[in-house]
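A.B. asks: Here's a structure for you.
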Amino acid sequence: MTGDRTRPDLRALLAAKGFRNWIREGWEPADTTVAVPSGTAEAAAAHRGRLSAELPGQRIALAAGRAVVRSNDTFHGFRADSDFVWLTGCQREGAILVLTPAGDSHHATLYVPRPAEPDEPDFVGDADTSPLWVGTAAGPAAYGDALGIECRPLEDLPHGLRGRNPSFLVGAGVDPALDAYGFGHSERLRTALADLRRIKDEWEIGQLRDAVDATSLGFADVLAALPEAVRGGGERWLQGTFDRRARTEGTGPGYTSIVAAGPHAPILHWTRCDGQVTEDSLLLLDAGVELDSLYTADITRTFPVGGEFTTARRDVYDLVHKAHLAALAEVRPGQDFAAFQTTALGVLASGLHDWGLLPVSVDEALSPDGQQHRRYIVCGTGHFLGLDVHDCASASPGAYRQGTLAEGMALAVEPGLYFHAGDRTVPPELRGLGIRIEDNVVVTGSGHDLLSGGFPSTADEVTAWVRAARN
C-alpha cells in the first residue's frame, strides 16, 4: 500500500499550480447518504431522554473518538465509543455530541467533520480523511437527515462549548479535540451511562437477537471448515472462516475470536489462534458477530473435532452443561446478579470433589477463604452484554455485580472448566482440556429469553452437529 514515502511527494504536487487547478474540476456529486439500521434514530433519541432525566440541568459532551495508530502512518479500523453510539446512532470518526439543558430536557447538537471539497488543499493533502484517499464521507446535513438530530460542522464546536457555567460533564480520553478544552473526565457521566445501558429496550434486544442469529451462521461455517483445518489450516483457518462471516453479516467480530484447539482450550484468552487442529482434539470456539449497529453476540461452544467425545471428556462436558443449566435457572427478575455464578460454581465444585480433584470438602472450597475449585475456573461465569461484549463495565457496583437482575438486562452466561496441560493436580487424560458453554439471554418479566436457544447444547447435540456439518 502507499505509505509515508508518498507524503513528501504531496507537498511538491500541491505546489504545482497546474495540478491544483486541474484536480478541483470535473467531479460528479458524491453520494453521501448515511445508512443506519431501521429504528436507530428513534432508539438514540429515547436514550438521550433517559440520560437527560438522570442528569437534569447538566451540560454534557461525548466524542465518537479517533482511529488508533497501528504503526507509523497506518491505523487500526475505527470503532466509535459505545456510549456515544448509544446516544446518537452515529459512527462518524471525529464527531462530538453536545447536550445543553433546555427546560426539563436537553437539546442535542451533533458536530460532524466536514469532508474536504475538491477546491480545498486537504482534498489531496489529507491522506487520512480526504474522500479522494479513503472514500466518500457524509457531512453534517446527511447525518442530520439520517439521525433526526441537529448537526453542525465540527468547526462550530467552540461555539457549542462556550462558557463554564454550568460545567460540562465530559468523557475525556477519547478525542483530543474535546480534551483540549480542559473539562477533565467525568466518572459520574460514564457511570450514569453504564447504569442506564444495563436495561435494553425492544430495539436493542432485537439487535442482540439478530447478532446471535448471524453468529450461528459463523459457527456453522467453522464446523464445515474443520476438515481443512485438520489438513493444515489450523486455528488460523477457522478464525478467518468465522471472521469472514462476521465481516459479511456486520462490521466484523465483536471481539477477537478465540479459536482454541487441544491444549489451547483451557487458556482463557487464547487469541493467538496459531495452533494446529487435529482429529482427536477438542475445539473451543468463543466468537460473536458485531452488527452494523455495533451490538454483539458472545457465544461459546466446545466441539470434538472428530465427532465423538472420549468418556473422560464427555464427563467433563456433562458437568459443565449441568452447571450451565443450573446457572440459567437463576436468571430471572429480582434475583441477585451473583446467584447464577454462585450456583454454577457450586455444581462445578461438587463435581470436582466427586472426582477427587479438590484437597478439601465442597463446603470449605466454597467458603470465602477457600476457593480451591477456582484453580480450574479462575474467570467469572457471566457478564452484561450489548454494545460491548463486556457491557456496562463502568456501572456502579450496586447496579452490577452487587445488584439484582431486572427485566431488559442482557447477559452472557458461561460456566466452564479449564485443566491446563501442565497441571499435575489432574489425571493425564484431563490435562490440556478446556470446556466452556456460553449462551446469551435477556431477562424477561417472568424469567429469561434464551436468545441462543437454537445452538446445540448437550453433548449428544454437539456431536451430532459436528458430524452433520462435516458430511
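Chain labels run A, B, ... following the order of the C-alpha cells; each chain numbers its residues from 1, and ligands are numbered from 1 in the order shown.
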With only C-alpha atoms counted and 10 Å as the cut-off, give the residues of segment 19-43 of chain A in contact with segment 128-136 of chain A, each with its shortest interatomic distance in Å and the pair that gives it, as JSON lines.

C.D. replies:
{"residue": "A:Ala30", "atom": "CA", "partner": "A:Thr136", "partner_atom": "CA", "distance": 6.8}
{"residue": "A:Asp31", "atom": "CA", "partner": "A:Thr136", "partner_atom": "CA", "distance": 7.5}
{"residue": "A:Thr32", "atom": "CA", "partner": "A:Thr136", "partner_atom": "CA", "distance": 6.6}
{"residue": "A:Thr33", "atom": "CA", "partner": "A:Thr136", "partner_atom": "CA", "distance": 9.8}

A.B. asks: So that I can check the surroundings of segment 439-443 of chain A, please list as a ChimeraX atom specification every protein, DNA and RNA residue that reaches within 7 Å of it, counting only C-alpha atoms and ignoring chain neighbours fewer than 3 positions away.

C.D. replies: /A:298-299,331-333,406-414,447-452

A.B. asks: Limited to N, CA and C atoms, could you put the picked residues into a file as a JSON list (two decimals), in the first residue's frame?

C.D. replies:
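See part-v9.json below for the written result:
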[["chain", "number", "residue", "atom", "x", "y", "z"],
["A", 298, "ASP", "N", -22.10, -13.09, 21.92],
["A", 298, "ASP", "CA", -20.93, -13.67, 22.61],
["A", 298, "ASP", "C", -21.27, -15.11, 22.94],
["A", 299, "ILE", "N", -20.90, -16.03, 22.06],
["A", 299, "ILE", "CA", -21.30, -17.44, 22.17],
["A", 299, "ILE", "C", -20.05, -18.31, 22.27],
["A", 331, "VAL", "N", -31.53, -17.05, 36.31],
["A", 331, "VAL", "CA", -31.67, -15.77, 35.61],
["A", 331, "VAL", "C", -33.14, -15.40, 35.53],
["A", 332, "ARG", "N", -33.54, -14.48, 36.39],
["A", 332, "ARG", "CA", -34.94, -14.02, 36.46],
["A", 332, "ARG", "C", -34.96, -12.68, 37.20],
["A", 333, "PRO", "N", -36.00, -11.89, 36.99],
["A", 333, "PRO", "CA", -36.03, -10.58, 37.63],
["A", 333, "PRO", "C", -36.11, -10.69, 39.15],
["A", 406, "ALA", "N", -32.95, -7.38, 36.44],
["A", 406, "ALA", "CA", -34.21, -6.70, 36.13],
["A", 406, "ALA", "C", -34.56, -6.95, 34.68],
["A", 407, "GLU", "N", -35.83, -6.84, 34.37],
["A", 407, "GLU", "CA", -36.30, -7.05, 33.01],
["A", 407, "GLU", "C", -35.55, -6.12, 32.05],
["A", 408, "GLY", "N", -35.10, -6.68, 30.94],
["A", 408, "GLY", "CA", -34.38, -5.92, 29.94],
["A", 408, "GLY", "C", -32.87, -6.05, 30.02],
["A", 409, "MET", "N", -32.35, -6.67, 31.06],
["A", 409, "MET", "CA", -30.91, -6.88, 31.13],
["A", 409, "MET", "C", -30.50, -8.03, 30.20],
["A", 410, "ALA", "N", -29.42, -7.84, 29.47],
["A", 410, "ALA", "CA", -28.89, -8.87, 28.59],
["A", 410, "ALA", "C", -27.60, -9.41, 29.18],
["A", 411, "LEU", "N", -27.48, -10.74, 29.19],
["A", 411, "LEU", "CA", -26.35, -11.40, 29.85],
["A", 411, "LEU", "C", -25.74, -12.46, 28.96],
["A", 412, "ALA", "N", -24.46, -12.69, 29.17],
["A", 412, "ALA", "CA", -23.80, -13.89, 28.69],
["A", 412, "ALA", "C", -23.55, -14.78, 29.91],
["A", 413, "VAL", "N", -23.99, -16.02, 29.84],
["A", 413, "VAL", "CA", -23.81, -16.99, 30.94],
["A", 413, "VAL", "C", -22.85, -18.06, 30.44],
["A", 414, "GLU", "N", -21.71, -18.25, 31.14],
["A", 414, "GLU", "CA", -20.62, -19.03, 30.54],
["A", 414, "GLU", "C", -19.79, -19.84, 31.55],
["A", 447, "GLY", "N", -38.90, -14.45, 33.76],
["A", 447, "GLY", "CA", -37.76, -15.36, 33.74],
["A", 447, "GLY", "C", -36.70, -14.83, 32.79],
["A", 448, "HIS", "N", -36.46, -15.55, 31.71],
["A", 448, "HIS", "CA", -35.49, -15.07, 30.73],
["A", 448, "HIS", "C", -35.81, -15.64, 29.36],
["A", 449, "ASP", "N", -35.32, -14.96, 28.34],
["A", 449, "ASP", "CA", -35.43, -15.38, 26.96],
["A", 449, "ASP", "C", -34.04, -15.82, 26.52],
["A", 450, "LEU", "N", -33.91, -17.09, 26.15],
["A", 450, "LEU", "CA", -32.62, -17.64, 25.72],
["A", 450, "LEU", "C", -32.43, -17.31, 24.24],
["A", 451, "LEU", "N", -31.73, -16.22, 23.96],
["A", 451, "LEU", "CA", -31.55, -15.78, 22.58],
["A", 451, "LEU", "C", -30.83, -16.81, 21.74],
["A", 452, "SER", "N", -29.91, -17.55, 22.36],
["A", 452, "SER", "CA", -29.10, -18.54, 21.64],
["A", 452, "SER", "C", -29.66, -19.94, 21.80]]

A.B. asks: Just how far from atom CA of His76 of chain A is atom CA of Ala127 of chain A, in Å to one decimal?

C.D. replies: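 Atom-to-atom, atom CA of Ala127 of chain A and atom CA of His76 of chain A are spaced 15.1 Å apart.
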
A.B. asks: With a distance cut-off of 12 Å and only C-alpha atoms, select the neighbouring residues of Val34 of chain A, excluding the residue or stretch itself and same-chain residues fewer than 6 positions from it, and output the selection as a list in words.

C.D. replies: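 Counting only the stated atoms, we get Thr40, Ala41, Gly89, Cys90, Gln91, Arg92, Thr136, Ala137, Ala138, Gly139, Pro140, Ala141, Ala142, Tyr143, Gly144, Asp145, Ala146, Leu147 and Gly148 of chain A.
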
A.B. asks: Just the residues within 12 Å of Ser394 of chain A, please, counting only C-alpha atoms, with nothing from its chain fewer than 6 positions along; format it as a PyMOL selection string.

C.D. replies: chain A and resi 82-83+171+186-198+384+388+400-401

A.B. asks: Could you check which of A:Trp465, A:Trp237, A:Gln341, A:Ala287 is closest to Leu328 of chain A, using only C-alpha atoms?

C.D. replies: A:Gln341

A.B. asks: Would you work out the distance separating atom CA of Gly403 of chain A from atom CA of Leu268 of chain A, expressed in Å to one decimal?

C.D. replies: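 Distance between the two atoms: 26.0 Å.
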
A.B. asks: Quick one: everything within 8 Å of Gly125 of chain A, counting only C-alpha atoms, minus sequence neighbours fewer than 2 positions away in the same chain. Send it as number ranges by chain.

C.D. replies: A: 10-11, 14, 121-123, 127, 130

A.B. asks: Grab the residues selected above and save them as a PDB file, in the first residue's frame with N, CA and C atoms.

C.D. replies:
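The new file selection-v8.pdb reads:
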ATOM      1  N   LEU A  10       3.427  14.712  -1.924  1.00  0.00           N
ATOM      2  CA  LEU A  10       2.214  15.515  -1.888  1.00  0.00           C
ATOM      3  C   LEU A  10       2.531  16.992  -1.789  1.00  0.00           C
ATOM      4  N   ARG A  11       3.527  17.334  -1.006  1.00  0.00           N
ATOM      5  CA  ARG A  11       3.882  18.742  -0.872  1.00  0.00           C
ATOM      6  C   ARG A  11       4.312  19.319  -2.214  1.00  0.00           C
ATOM      7  N   LEU A  14       1.180  19.590  -4.518  1.00  0.00           N
ATOM      8  CA  LEU A  14       0.298  20.700  -4.192  1.00  0.00           C
ATOM      9  C   LEU A  14       0.916  22.040  -4.562  1.00  0.00           C
ATOM     10  N   PRO A 121      -7.230  22.427  -0.346  1.00  0.00           N
ATOM     11  CA  PRO A 121      -5.943  21.713  -0.349  1.00  0.00           C
ATOM     12  C   PRO A 121      -6.017  20.332   0.287  1.00  0.00           C
ATOM     13  N   ASP A 122      -6.841  20.170   1.338  1.00  0.00           N
ATOM     14  CA  ASP A 122      -6.904  18.878   2.025  1.00  0.00           C
ATOM     15  C   ASP A 122      -7.541  17.779   1.165  1.00  0.00           C
ATOM     16  N   PHE A 123      -8.202  18.145   0.078  1.00  0.00           N
ATOM     17  CA  PHE A 123      -8.770  17.126  -0.803  1.00  0.00           C
ATOM     18  C   PHE A 123      -7.668  16.201  -1.323  1.00  0.00           C
ATOM     19  N   ALA A 127      -4.239  12.637   3.464  1.00  0.00           N
ATOM     20  CA  ALA A 127      -4.356  11.240   3.039  1.00  0.00           C
ATOM     21  C   ALA A 127      -5.058  10.369   4.068  1.00  0.00           C
ATOM     22  N   SER A 130      -9.391  12.479   3.616  1.00  0.00           N
ATOM     23  CA  SER A 130      -9.991  13.033   2.403  1.00  0.00           C
ATOM     24  C   SER A 130     -10.752  11.976   1.602  1.00  0.00           C
TER      25      SER A 130
END

A.B. asks: Give me the residues of segment 334-404 of chain A that have any atom at most 8 Å from an atom of segment 418-435 of chain A; for each, the nearest atom pair and the distance in Å, rounded to one decimal. Use only C-alpha atoms, sort by chain and number, and format it as JSON lines.

C.D. replies:
{"residue": "A:Leu357", "atom": "CA", "partner": "A:Val426", "partner_atom": "CA", "distance": 6.7}
{"residue": "A:Tyr376", "atom": "CA", "partner": "A:Tyr418", "partner_atom": "CA", "distance": 5.0}
{"residue": "A:Ile377", "atom": "CA", "partner": "A:Tyr418", "partner_atom": "CA", "distance": 6.0}

A.B. asks: Using DSSP on the backbone coordinates, identify the residues of segment 41-102 of chain A assigned to strand (DSSP E); present them as a list in words.

C.D. replies: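 Matching residues, listed in order: Arg59, Ile60, Ala61, Leu62, Ala63, Val69, Arg70, Ser71, Thr74, Phe75, Ile96, Leu97, Val98, Leu99, Thr100, Pro101 and Ala102 of chain A.
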
A.B. asks: To one decimal place, how far is atom CA of Gln372 of chain A from atom CA of Ser457 of chain A in Å?

C.D. replies: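 Distance reported for this atom pair: 27.6 Å.
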
A.B. asks: Counting only C-alpha atoms, which of A:Ala64, A:Leu348, A:Leu417, A:Ala399 gets nearest to Ala172 of chain A?

C.D. replies: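 Going through A:Ala64, A:Leu348, A:Leu417, A:Ala399 one by one, the smallest distance to Ala172 of chain A is for A:Ala64.
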
A.B. asks: Got a sec: who's within 7 Å of Thr215 of chain A, counting only C-alpha atoms, leaving out chain neighbours fewer than 6 positions off, as a PDB file with C-alpha atoms, in the first residue's frame?

C.D. replies:
ATOM      1  CA  GLY A 288     -19.653 -13.251  18.194  1.00  0.00           C
ATOM      2  CA  VAL A 289     -20.800 -11.167  15.242  1.00  0.00           C
ATOM      3  CA  ALA A 297     -23.290 -11.626  20.401  1.00  0.00           C
TER       4      ALA A 297
END
